[in-house]
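Working notes, beginning with the structure itself.
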Number of protein chains: 4
Amino acid sequence: MNRAAARMTTDAAATQLLTAIYRDVRSRSVALAAPLSAEDCTVQSMPDASPVKWHLAHTTWFFETFILERWARAYQAFHPGFRVLFNSYYNAVGDKHPRPERGMLTRPSLDEIMAYRRHVDAAIERLLAQPDESGNEMTALLELGLNHEEQHQELILTDVKHLLSRNPLGPTYAAGDRRQSRSTVEHAWISFPGGLHEIGARTGTFHFDNEGPAHQALLQPFELASHPVTCGQYRTFMDDGGYRRPELWLSLGWDTVRSLGWASPSYWQPAAGDWLEFTLQGVRPVDANAPVCHLSYFEADAYARWAGARLPTEFEWEIASARTPPDGNFLESGALHPQAAHRPSSGLAQMFGEVWEWTQSNYSPYPGYRPAPGAVGEYNGKFMCNQYVLRGGSCATPKRHIRATYRNFFPPEARWQFTGVRLARDAG
Amino acid sequence: MNRAAARMTTDAAATQLLTAIYRDVRSRSVALAAPLSAEDCTVQSMPDASPVKWHLAHTTWFFETFILERWARAYQAFHPGFRVLFNSYYNAVGDKHPRPERGMLTRPSLDEIMAYRRHVDAAIERLLAQPDESGNEMTALLELGLNHEEQHQELILTDVKHLLSRNPLGPTYAAGDRRQSRSTVEHAWISFPGGLHEIGARTGTFHFDNEGPAHQALLQPFELASHPVTCGQYRTFMDDGGYRRPELWLSLGWDTVRSLGWASPSYWQPAAGDWLEFTLQGVRPVDANAPVCHLSYFEADAYARWAGARLPTEFEWEIASARTPPDGNFLESGALHPQAAHRPSSGLAQMFGEVWEWTQSNYSPYPGYRPAPGAVGEYNGKFMCNQYVLRGGSCATPKRHIRATYRNFFPPEARWQFTGVRLARDAG
Amino acid sequence: MNRAAARMTTDAAATQLLTAIYRDVRSRSVALAAPLSAEDCTVQSMPDASPVKWHLAHTTWFFETFILERWARAYQAFHPGFRVLFNSYYNAVGDKHPRPERGMLTRPSLDEIMAYRRHVDAAIERLLAQPDESGNEMTALLELGLNHEEQHQELILTDVKHLLSRNPLGPTYAAGDRRQSRSTVEHAWISFPGGLHEIGARTGTFHFDNEGPAHQALLQPFELASHPVTCGQYRTFMDDGGYRRPELWLSLGWDTVRSLGWASPSYWQPAAGDWLEFTLQGVRPVDANAPVCHLSYFEADAYARWAGARLPTEFEWEIASARTPPDGNFLESGALHPQAAHRPSSGLAQMFGEVWEWTQSNYSPYPGYRPAPGAVGEYNGKFMCNQYVLRGGSCATPKRHIRATYRNFFPPEARWQFTGVRLARDAG
Amino acid sequence: MNRAAARMTTDAAATQLLTAIYRDVRSRSVALAAPLSAEDCTVQSMPDASPVKWHLAHTTWFFETFILERWARAYQAFHPGFRVLFNSYYNAVGDKHPRPERGMLTRPSLDEIMAYRRHVDAAIERLLAQPDESGNEMTALLELGLNHEEQHQELILTDVKHLLSRNPLGPTYAAGDRRQSRSTVEHAWISFPGGLHEIGARTGTFHFDNEGPAHQALLQPFELASHPVTCGQYRTFMDDGGYRRPELWLSLGWDTVRSLGWASPSYWQPAAGDWLEFTLQGVRPVDANAPVCHLSYFEADAYARWAGARLPTEFEWEIASARTPPDGNFLESGALHPQAAHRPSSGLAQMFGEVWEWTQSNYSPYPGYRPAPGAVGEYNGKFMCNQYVLRGGSCATPKRHIRATYRNFFPPEARWQFTGVRLARDAG
């Protein structure tokens with residue numbers, strides 16, 4: 001086999017693989033909506049959340065706007081109004097429908113959105129079947145689009161959880177099995193040395209622009225808790241007057257506690273001396289051994305102060321987690337869902353895929369950070385204000401999406417995401 | 001035929017008639033929802049409006065709560081949670097779901113609500129097939145329930161119009177025929193004498209409690225315009241700076257104009273020097289000869305001041321309309337939809353079924369007014385504050401529902417109803 | 001003495017009298033501010049209230065703008081900026097400083113405002129010393145200006161009371177004597193016949209435009225309570241759960257009770273099982289025999305419903321009070337306009353000068369009402385929306401200002417005025 | 001002279017010096033209020049600002065609460081209510097008067113506050129005349145109190161500027177000389193090497209707890225602009241559509257621009273094609289060569305993006321400024337506390353005492369940061385959320401108060417402080 005033929009073969013294999021990943025990611029969004037009615041998919045329960053239908057359309061709009069409009073010859077837009085309707089925040093693309101109005105869109109129907117998805121999917125697959133003449137730019141945007149869709153897959157779950165929680169009839173998203181009760185584990189402090197460490201993602205594998213450039217950071221010696229804080233531990237904080245003692249809180253956090261009347265994590269409800277929590281599987285008793293979830297930054301920070309500890313910085317978190325060698329490589333293994341990219345070792349447990357863990361790090365650019373050119377440059381940088389970095393990924397995060405350098409971010413008062421806390425402290 | 005037999009026959013006929021009316025009214029609600037998807041029926045576009053699904057359920061709840069719970073032996077509630085969920089504002093019935101949260105109820109589904117309607121309808125029909133042992137109390141509540149449902153039929157249309165207007169794709173409720181353009185008519189002043197007149201509904205026919213008791217009112221001689229103000233006339237007001245001249249407005253009205261940026265009736269949009277309006281049949285050019293619609297009390301009042309006239313009082317309106325003898329009696333004629341209970345005469349035209357006409361009368365109790373005892377006493381009296389009376393009924397009002405003594409009421413800033421204006425002035 | 005001389009003498013006497021009244025009214029405003037510091041006079045405690053300094057300036061502005069600018073030859077405005085700064089709401093006069101910003105005006109100082117008053121007073125007195133060539137128009141506006149100032153004298157007291165109540169140190173406006181405790185009186189129902197009655201002020205004596213034109217009104221027989229509701233009676237309502245029972249309230253009232261957390265009249269505070277109230281003389285125990293004060297329309301209405309009664313209409317109130325022959329003549333006490341005044345008789349007591357009594361009457365124009373031409377026509381008419389009429393005058397109302405036809409008006413949620421309630425009911 | 005005598009002498013000298021500093025700082029607050037009337041000192045123009053009277057009282061409260069209550073034997077509080085009234089935010093001290101209510105306090109009067117100051121000053125001086133038996137803790141708190149008062153001295157100026165700017169009469173704080181127009185200077189980029197640098201204040205001299213502990217930080221090579229951005233440069237940004245181009249702004253910044261309608265720095269007003277600015281000396285033309293001032297973080301950041309640069313980190317700023325050897329000694333110039341100061345060198349100019357310069361650094365704790373124990377520990381740490389660090393000090397900052405390690409902080413939307421911007425960029 002000569003070189004050209006070899007390359008063709010490789011290209012064909014790569015195209016097949018990319019097409020398979022595309023299909024897999026796209027089909028998982030549809031699967032997430034499957035337990036929901038068209039009505040469930042239409043309503044917006046608060047300005048921060050979006051209707052499921054909107055997520056399904058907006059992720060499709062991403063492929064249509066950034067890929068098909070540019071590279072698909074003779075592509076016919078599915079609907080001329082969608083360009084504005086499903087633009088989230090890209091000013092470079094033009095007008096956009098106001099975010100708090102997303103729930104007004106009873107039309108297009110869910111069926112039409114599904115047809116929109118099929119229309120775009122077919123065009124993308126046709127495009128993938130052709131040689132990529134963009135010098136990999138198209139493939140890079142496709143990968144970005146898939147990661148973007150995975151982010152919205154998590155939002156579908158968090159947003160529908162919020163919506164269903166507002167219904168006094170106590171509906172469930174999916175009957176599912178009752179989540180297994182966790183067993184008690186011993187929490188320990190794990191020590192890490194200080195010094196200069198490399199932080200951030202290197203070029204070569206996919207990552208969002210905010211994960212780079214890779215650079216050196218200086219750390220002091222520190223310790224990290226082996227496990228995230230559990231519901232049982234958090235109960236002790238609550239029982240110790242945690243929500244009534246201003247000295248434990250940031251000033252802004254205390255204002256929030258009082259004005260919103262917080263007295264427990266979100267979705268918890270008192271019941272005869274105990275606590276229940278609303279979940280996607282319905283209302284259940286709080287599991288004392290499970291990681292506490294749906295905490296704001298303010299609560300995570302107050303808990304840490306009460307516990308005589310602090311939140312980790314995002315650098316501490318990343319360095320610690322990097323000591324946990326991955327047990328698989330997505331491409332080598334060929335697996336689409338490598339289950340345990342993140343085997344706990346060195347004593348750290350539940351770092352990935354349990355709860356997003358608040359860090360004390362403000363979401364700000366790494367030294368030398370440059371947003372990508374063009375409209376997709378609006379993806380990350382412009383949100384670098386008044387938000388805090390979370391690390392690790394939650395039970396709602398697609399597995400393919402989790403990595404050590406990943407920087408999630410939310411405002412300090414946000415609670416509707418699957419957010420928890422792992423303690424840190426300065427090394428003795 | 002002896003007396004008892006005669007009476008039995010009469011009863012049977014009355015039952016048949018009542019059952020027929022019940023079916024007719026109930027089926028019209030379902031027909032109004034027919035052009036809408038489940039998604040359309042679920043969303044709440046503002047706190048003042050309710051989802052169509054909620055209207056369909058709440059009207060059913062009324063029969064279930066006030067009739068079936070009381071008189072239907074062994075009646076099984078369709079769903080135990082609905083008693084709270086679909087209670088609008090009856091404190092005597094117990095808890096209620098907060099009004100601004102009605103749009104959160106993606107469940108129960110529209111299908112379930114339709115099943116709820118059928119469940120209650122069947123129980124009501126079974127009840128109607130039995131002798132009424134309540135001494136007519138049940139029949140009176142049934143008639144109240146039907147009139148209540150007719151009110152919500154109008155709200156279904158006004159609320160869905162508001163919802164669809166928020167969608168930038170310009171959806172339609174029903175394709176329908178394009179409404180015929182009106183021809184120009186000559187407007188005239190019609191004179192009415194002053195003196196003592198009887199106002200309000202007498203006992204004997206159905207009316208809401210707020211229409212009584214009948215009583216004498218003293219009027220000065222006055223004149224009423226033969227027709228409601230047209231869009232063309234209102235355009236002249238707009239072109240004369242109507243929305244920019246504070247001297248034409250009530251103080252509260254001027255504040256509203258400025259804070260909400262009003263510059264035309266609701267649903268109007270400027271288009272190349274002309275005006276379009278959003279309607280249930282889509283966006284169309286404003287018809288200069290049609291009655292102007294979707295005005296607030298503030299706009300109606302400002303227009304009247306600009307025109308050197310004033311709004312009529314509700315008594316003037318009622319007396320003037322009463323000079324228009326009805327051409328049919330519902331029970332005598334046996335007709336379910338007497339089309340022209342309200343033949344214009346004496347020069348007055350378009351008094352009924354065009355637009356609700358704002359009067360200058362504050363919505364307040366008639367002398368001697370007493371709310372009905374029990375929960376249904378919450379129907380009218382408690383809203384008698386900061387609202388103004390409208391008379392006549394609109395194109396969206398069920399025909400059976402229109403009558404000369406009918407008092408509709410809305411706050412002065414409300415515009416999403418089909419509301420217009422007819423001028424009055426003191427007699428020379 | 002010939003005619004001309006006689007007339008000259010009469011004119012001179014009238015001028016002297018008018019000048020005396022002018023001085024008297026103007027000096028009373030200054031006297032009301034005397035117990036206050038410049039700081040007290042500067043702050044605005046809520047948008048509804050104005051700083052005392054602003055009242056002192058605005059009342060002066062009225063004379064400067066409507067009289068001196070027009071009739072005083074070569075009048076030099078005190079300060080060119082004041083025309084806008086102290087315009088309250090007269091659009092015809094031009095721009096105005098925004099109402100909620102009145103408290104930002106630390107300059108001009110109180111001293112400067114006092115100098116402004118003296119400047120205008122001197123010019124007015126010079127003008128009064130000249131023959132009125134305006135055909136009485138100037139005198140009429142002067143009288144309007146004095147009545148306007150008297151209204152603001154009451155507002156000075158209500159607004160400073162609100163301001164001082166916000167100070168946790170419990171300051172007093174004036175030490176004064178402790179108000180005498182009232183003795184218990186027997187409350188009775190007083191009957192009045194129905195029929196046609198004349199309502200409103202006739203031309204010939206001073207009145208605001210909203211008091212006319214005089215016209216016939218038709219009343220049903222009714223009864224009025226001999227006394228306003230006392231604090232003790234109101235306590236019984238409170239103790240009977242008055243603020244916790246929605247069935248007693250207008251819907252809008254109940255919303256207000258809950259959103260503002262009302263549980264007593266304004267300025268009351270619980271103290272060891274009893275109630276204290278904040279007054280202009282400091283905090284004191286509530287006097288069970290004194291008329292209850294600082295009630296909203298909502299509370300007055302709820303109390304009446306609880307008591308099995310209702311609020312009077314403003315016509316009932318006026319007719320009843322007119323049956324009370326005057327017990328004094330203001331001329332004797334140096335006042336100008338002898339008004340049929342205030343001697344309780346026929347059993348009615350405390351009709352005038354105790355508390356403003358809420359009526360159930362919406363503030364709306366009398367038949368044939370026309371606002372005065374020009375800027376002063378903005379005085380009353382444009383406020384005729386969502387307000388209710390109060391009658392009688394309070395302890396803070398200047399005595400010269402009280403009369404049977406007087407229509408005060410406030411929105412139904414207002415509580416910072418001296419407002420109370422007298423019950424009415426339909427006659428047997 | 002033996003040792004004890006020597007020490008006594010030293011102590012006496014130290015006491016004299018401390019007393020002199022105390023008098024100096026305290027008297028400067030009084031001097032700042034001197035051009036203001038009692039009315040000017042009473043009003044609160046927005047929740048973020050406080051009345052001057054409140055600043056004068058609260059700084060006094062600090063000495064009374066944290067020093068006199070603890071160490072002054074038999075100290076009699078000036079007024080028992082002041083402990084709550086003038087507590088700003090110290091939860092450990094107990095209740096506090098709500099911040100937005102500070103402008104309600106027309107009493108105590110300015111005169112009483114001045115008496116309060118004298119009362120506390122006398123007690124402090126008596127205390128200083130005695131040996132400090134607290135092991136320097138008292139002296140440390142006194143120094144903290146003086147620095148605290150200096151912070152409020154700057155706030156007096158920023159808050160009164162905001163207040164006076166709301167007055168349409170255009171008042172001035174102080175006539176003063178017209179500030180001299182600046183001459184044009186050449187702006188240049190100054191380079192600094194990367195590497196490990198020491199950041200933060202060492203123990204031994206006074207600093208706030210947030211300036212420590214001193215620690216190593218790793219920097220990349222960078223460049224800093226020689227001068228802050230001038231008004232003229234900022235005008236170019238404005239003329240280039242700076243306020244109308246979303247791509248230049250953080251997402252939150254763009255929301256703020258649109259919702260608040262920003263189109264220029266605060267206090268600027270357009271005038272016939274040019275710009276004026278409101279200053280403490282009145283309204284004047286904008287000086288193109290002066291540093292632009294009253295920018296929010298959002299505007300500083302947008303300007304930097306437009307200019308192809310970025311904001312410096314606070315570490316870059318501190319390192320750069322530390323390379324600037326002091327050009328003078330405050331003692332020589334009559335100041336009490338010689339600070340390593342501020343001589344521009346190595347090309348950097350106007351680093352201190354012109355405008356507070358926004359950095360891109362989120363206000364967060366240094367590694368190893370611990371708040372002081374007790375109530376004064378509430379001084380800094382609890383505000384470490386959603387604020388950005390500013391460096392350098394402004395024209396309103398007391399000279400004694402300026403130092404290289406000083407960390408000022410404000411939320412990104414704040415504009416009423418004297419805040420500007422100096423550009424940075426990565427080294428070639």
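Convention: chains lettered A, B, ... in structure tokens order; per-chain residue numbering from 1; ligands numbered from 1 as shown.
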
Quick one: which chain A residues come within 6 Å of chain B, and what is the nearest atom pair for each with the distance in Å to one decimal, counting only C-alpha atoms, rows ordered by chain and ascending number, as CSV?
residue,atom,partner,partner_atom,distance
A:Glu39,CA,B:Glu39,CA,4.9
A:Asp40,CA,B:Thr106,CA,5.2
A:Leu105,CA,B:Asn167,CA,5.9
A:Thr106,CA,B:Asp40,CA,5.1
A:Asn167,CA,B:Leu105,CA,5.9

After fitting chain D to chain B over all Cα atoms matched in order, what RMSD is left? 1.2 Å

Could you check how far atom CA of A:Glu154 sits from atom CA of A:Thr397, in Å to one decimal? 5.4 Å

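The residue set within 10 Å of C:Asp111, counting only C-alpha atoms and dropping same-chain residues fewer than 5 places from it, reads Ala38, Lys53, Tyr116 and Arg117 of chain C.
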
Would you write out those residues with N, CA and C atoms, as a PDB file, in the first residue's frame?
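As a result, result-v2.pdb now contains:
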ATOM      1  N   ALA C  38     -32.495  72.141  60.360  1.00  0.00           N
ATOM      2  CA  ALA C  38     -32.303  72.147  58.908  1.00  0.00           C
ATOM      3  C   ALA C  38     -32.163  70.716  58.394  1.00  0.00           C
ATOM      4  N   LYS C  53     -38.479  71.210  53.801  1.00  0.00           N
ATOM      5  CA  LYS C  53     -37.902  72.309  53.034  1.00  0.00           C
ATOM      6  C   LYS C  53     -38.564  72.429  51.671  1.00  0.00           C
ATOM      7  N   TYR C 116     -36.216  83.006  50.496  1.00  0.00           N
ATOM      8  CA  TYR C 116     -37.108  82.916  49.327  1.00  0.00           C
ATOM      9  C   TYR C 116     -38.541  83.247  49.747  1.00  0.00           C
ATOM     10  N   ARG C 117     -38.957  82.674  50.860  1.00  0.00           N
ATOM     11  CA  ARG C 117     -40.306  82.969  51.355  1.00  0.00           C
ATOM     12  C   ARG C 117     -40.466  84.462  51.614  1.00  0.00           C
TER      13      ARG C 117
END

With only C-alpha atoms as the counted atoms, please give the residues lying no more than 10 Å from stretch 185-192 of chain B, apart from itself and same-chain residues fewer than 3 positions off, as a PyMOL selection string. chain B and resi 182+195+219-230+289+316+319-320+323+346-349+423-428

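From atom CA of D:Glu247 back to atom CA of A:Leu68, the distance works out to 23.7 Å.
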
For stretch 204-213 of chain B, work out the shell of residues within 7 Å, counting only C-alpha atoms and skipping chain neighbours fewer than 6 positions away, then give it as a PyMOL selection string. chain B and resi 365-366+368-369+371-372+380+405-407

Only all heavy atoms, please: the residues just picked out, written as a PDB file, in the first residue's frame.
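What landed in again04.pdb:
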ATOM      1  N   PRO B 365     -69.686  48.254  44.519  1.00  0.00           N
ATOM      2  CA  PRO B 365     -70.954  47.542  44.744  1.00  0.00           C
ATOM      3  C   PRO B 365     -72.164  48.440  44.533  1.00  0.00           C
ATOM      4  O   PRO B 365     -72.142  49.618  44.865  1.00  0.00           O
ATOM      5  CB  PRO B 365     -70.847  47.112  46.213  1.00  0.00           C
ATOM      6  CG  PRO B 365     -69.883  48.058  46.832  1.00  0.00           C
ATOM      7  CD  PRO B 365     -68.921  48.461  45.759  1.00  0.00           C
ATOM      8  N   TYR B 366     -73.222  47.864  43.982  1.00  0.00           N
ATOM      9  CA  TYR B 366     -74.505  48.582  43.919  1.00  0.00           C
ATOM     10  C   TYR B 366     -75.069  48.722  45.338  1.00  0.00           C
ATOM     11  O   TYR B 366     -74.770  47.889  46.217  1.00  0.00           O
ATOM     12  CB  TYR B 366     -75.479  47.805  43.042  1.00  0.00           C
ATOM     13  CG  TYR B 366     -75.212  47.887  41.553  1.00  0.00           C
ATOM     14  CD1 TYR B 366     -75.908  47.067  40.668  1.00  0.00           C
ATOM     15  CD2 TYR B 366     -74.281  48.787  41.022  1.00  0.00           C
ATOM     16  CE1 TYR B 366     -75.687  47.131  39.292  1.00  0.00           C
ATOM     17  CE2 TYR B 366     -74.051  48.859  39.660  1.00  0.00           C
ATOM     18  CZ  TYR B 366     -74.754  48.031  38.795  1.00  0.00           C
ATOM     19  OH  TYR B 366     -74.540  48.099  37.446  1.00  0.00           O
ATOM     20  N   GLY B 368     -76.932  48.121  48.476  1.00  0.00           N
ATOM     21  CA  GLY B 368     -77.577  46.915  48.963  1.00  0.00           C
ATOM     22  C   GLY B 368     -76.924  45.625  48.509  1.00  0.00           C
ATOM     23  O   GLY B 368     -77.400  44.536  48.817  1.00  0.00           O
ATOM     24  N   TYR B 369     -75.813  45.736  47.805  1.00  0.00           N
ATOM     25  CA  TYR B 369     -75.118  44.534  47.311  1.00  0.00           C
ATOM     26  C   TYR B 369     -74.681  43.635  48.454  1.00  0.00           C
ATOM     27  O   TYR B 369     -74.126  44.102  49.450  1.00  0.00           O
ATOM     28  CB  TYR B 369     -73.892  44.958  46.498  1.00  0.00           C
ATOM     29  CG  TYR B 369     -72.946  43.818  46.184  1.00  0.00           C
ATOM     30  CD1 TYR B 369     -73.270  42.875  45.211  1.00  0.00           C
ATOM     31  CD2 TYR B 369     -71.735  43.692  46.856  1.00  0.00           C
ATOM     32  CE1 TYR B 369     -72.403  41.829  44.916  1.00  0.00           C
ATOM     33  CE2 TYR B 369     -70.856  42.647  46.558  1.00  0.00           C
ATOM     34  CZ  TYR B 369     -71.199  41.717  45.604  1.00  0.00           C
ATOM     35  OH  TYR B 369     -70.341  40.695  45.316  1.00  0.00           O
ATOM     36  N   PRO B 371     -72.559  39.856  48.705  1.00  0.00           N
ATOM     37  CA  PRO B 371     -72.010  38.685  48.027  1.00  0.00           C
ATOM     38  C   PRO B 371     -72.813  37.444  48.381  1.00  0.00           C
ATOM     39  O   PRO B 371     -73.408  37.372  49.472  1.00  0.00           O
ATOM     40  CB  PRO B 371     -70.586  38.575  48.580  1.00  0.00           C
ATOM     41  CG  PRO B 371     -70.299  39.877  49.241  1.00  0.00           C
ATOM     42  CD  PRO B 371     -71.614  40.438  49.668  1.00  0.00           C
ATOM     43  N   ALA B 372     -72.824  36.468  47.472  1.00  0.00           N
ATOM     44  CA  ALA B 372     -73.476  35.192  47.771  1.00  0.00           C
ATOM     45  C   ALA B 372     -72.809  34.553  48.981  1.00  0.00           C
ATOM     46  O   ALA B 372     -71.612  34.752  49.214  1.00  0.00           O
ATOM     47  CB  ALA B 372     -73.359  34.276  46.550  1.00  0.00           C
ATOM     48  N   ASN B 380     -66.967  37.913  43.069  1.00  0.00           N
ATOM     49  CA  ASN B 380     -66.956  39.268  42.521  1.00  0.00           C
ATOM     50  C   ASN B 380     -66.540  40.351  43.507  1.00  0.00           C
ATOM     51  O   ASN B 380     -65.693  41.183  43.204  1.00  0.00           O
ATOM     52  CB  ASN B 380     -68.368  39.615  41.984  1.00  0.00           C
ATOM     53  CG  ASN B 380     -68.553  39.146  40.558  1.00  0.00           C
ATOM     54  OD1 ASN B 380     -67.751  39.475  39.695  1.00  0.00           O
ATOM     55  ND2 ASN B 380     -69.583  38.360  40.322  1.00  0.00           N
ATOM     56  N   THR B 405     -76.943  44.234  31.370  1.00  0.00           N
ATOM     57  CA  THR B 405     -76.563  44.567  32.748  1.00  0.00           C
ATOM     58  C   THR B 405     -75.182  44.048  33.130  1.00  0.00           C
ATOM     59  O   THR B 405     -74.722  44.260  34.257  1.00  0.00           O
ATOM     60  CB  THR B 405     -77.584  43.966  33.745  1.00  0.00           C
ATOM     61  OG1 THR B 405     -77.613  42.542  33.551  1.00  0.00           O
ATOM     62  CG2 THR B 405     -78.959  44.546  33.535  1.00  0.00           C
ATOM     63  N   TYR B 406     -74.537  43.376  32.203  1.00  0.00           N
ATOM     64  CA  TYR B 406     -73.267  42.700  32.468  1.00  0.00           C
ATOM     65  C   TYR B 406     -72.155  43.699  32.796  1.00  0.00           C
ATOM     66  O   TYR B 406     -71.914  44.638  32.070  1.00  0.00           O
ATOM     67  CB  TYR B 406     -72.869  41.893  31.243  1.00  0.00           C
ATOM     68  CG  TYR B 406     -71.808  40.848  31.524  1.00  0.00           C
ATOM     69  CD1 TYR B 406     -72.169  39.522  31.720  1.00  0.00           C
ATOM     70  CD2 TYR B 406     -70.472  41.190  31.597  1.00  0.00           C
ATOM     71  CE1 TYR B 406     -71.202  38.567  31.974  1.00  0.00           C
ATOM     72  CE2 TYR B 406     -69.505  40.232  31.852  1.00  0.00           C
ATOM     73  CZ  TYR B 406     -69.872  38.921  32.047  1.00  0.00           C
ATOM     74  OH  TYR B 406     -68.919  37.974  32.306  1.00  0.00           O
ATOM     75  N   ARG B 407     -71.453  43.450  33.901  1.00  0.00           N
ATOM     76  CA  ARG B 407     -70.369  44.345  34.318  1.00  0.00           C
ATOM     77  C   ARG B 407     -69.033  43.606  34.246  1.00  0.00           C
ATOM     78  O   ARG B 407     -68.692  42.841  35.144  1.00  0.00           O
ATOM     79  CB  ARG B 407     -70.585  44.818  35.759  1.00  0.00           C
ATOM     80  CG  ARG B 407     -71.944  45.433  36.013  1.00  0.00           C
ATOM     81  CD  ARG B 407     -72.130  45.708  37.502  1.00  0.00           C
ATOM     82  NE  ARG B 407     -71.458  46.926  37.920  1.00  0.00           N
ATOM     83  CZ  ARG B 407     -71.158  47.236  39.192  1.00  0.00           C
ATOM     84  NH1 ARG B 407     -71.454  46.388  40.164  1.00  0.00           N
ATOM     85  NH2 ARG B 407     -70.549  48.365  39.480  1.00  0.00           N
TER      86      ARG B 407
END

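Take atom CA of C:Gln269 and atom CA of C:Gln281: the distance between them is 15.4 Å.
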
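When the distance limit is 9 Å and only C-alpha atoms are what count, the residues near D:Ala214, minus those fewer than 2 positions from it on the same chain, are Glu198, Ile199, Gly200, Ala201, Arg202, Thr203, Glu211, Gly212, Gln216, Tyr366 and Pro367 of chain D.
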
Any chance you could list, as a tab-separated table (two decimals) with C-alpha atoms, in the first residue's frame, the residues in stretch 111-162 of chain D that come up alpha helix (DSSP H) when DSSP is run on the backbone?
chain	number	residue	atom	x	y	z
D	111	ASP	CA	-23.39	69.38	66.16
D	112	GLU	CA	-24.04	66.36	68.34
D	113	ILE	CA	-21.77	64.22	66.18
D	114	MET	CA	-19.04	66.82	66.57
D	115	ALA	CA	-19.55	66.71	70.34
D	116	TYR	CA	-19.36	62.92	70.13
D	117	ARG	CA	-16.03	63.22	68.34
D	118	ARG	CA	-14.68	65.57	71.03
D	119	HIS	CA	-15.91	63.28	73.79
D	120	VAL	CA	-14.13	60.28	72.31
D	121	ASP	CA	-11.02	62.26	71.39
D	122	ALA	CA	-10.64	63.44	74.96
D	123	ALA	CA	-11.00	59.92	76.29
D	124	ILE	CA	-8.49	58.55	73.79
D	125	GLU	CA	-5.98	61.22	74.70
D	126	ARG	CA	-6.44	60.45	78.38
D	127	LEU	CA	-5.86	56.82	77.60
D	128	LEU	CA	-2.78	57.57	75.56
D	137	GLU	CA	-2.57	45.52	71.30
D	138	MET	CA	-4.19	48.86	72.03
D	139	THR	CA	-1.63	50.75	70.00
D	140	ALA	CA	-2.14	48.37	67.13
D	141	LEU	CA	-5.88	48.92	67.26
D	142	LEU	CA	-5.36	52.65	67.44
D	143	GLU	CA	-3.25	52.54	64.31
D	144	LEU	CA	-5.96	50.40	62.68
D	145	GLY	CA	-8.54	52.97	63.73
D	146	LEU	CA	-6.53	55.78	62.19
D	147	ASN	CA	-6.11	53.92	58.94
D	148	HIS	CA	-9.81	53.12	59.05
D	149	GLU	CA	-10.56	56.81	59.45
D	150	GLU	CA	-8.33	57.66	56.51
D	151	GLN	CA	-10.31	55.28	54.37
D	152	HIS	CA	-13.47	57.10	55.36
D	153	GLN	CA	-11.83	60.42	54.57
D	154	GLU	CA	-11.65	59.33	50.98
D	155	LEU	CA	-15.24	58.09	51.14
D	156	ILE	CA	-16.36	61.46	52.48
D	157	LEU	CA	-15.13	63.02	49.26
D	158	THR	CA	-16.49	60.37	46.91
D	159	ASP	CA	-19.84	60.25	48.64
D	160	VAL	CA	-20.35	63.98	48.81
D	161	LYS	CA	-19.34	64.25	45.17
D	162	HIS	CA	-22.08	61.80	44.30

Considering only C-alpha atoms, return as a list of chain:residue names whatever protein or nucleic-acid residues lie within 12 Å of C:Trp254, sequence-local ones (same chain, fewer than 5 positions apart) excluded. B:Tyr89, B:Asn91, B:Lys382, B:Phe383, B:Cys385, C:Gly242, C:Tyr243, C:Arg244, C:Arg245, C:Pro246, C:Glu247, C:Leu248, C:Trp249, C:Ser259, C:Leu260, C:Gly261, C:Trp262, C:Ala263, C:Ser296, C:Tyr297, C:Phe298, C:Glu299, C:Asp301, C:Ala302, C:Pro412, C:Glu413
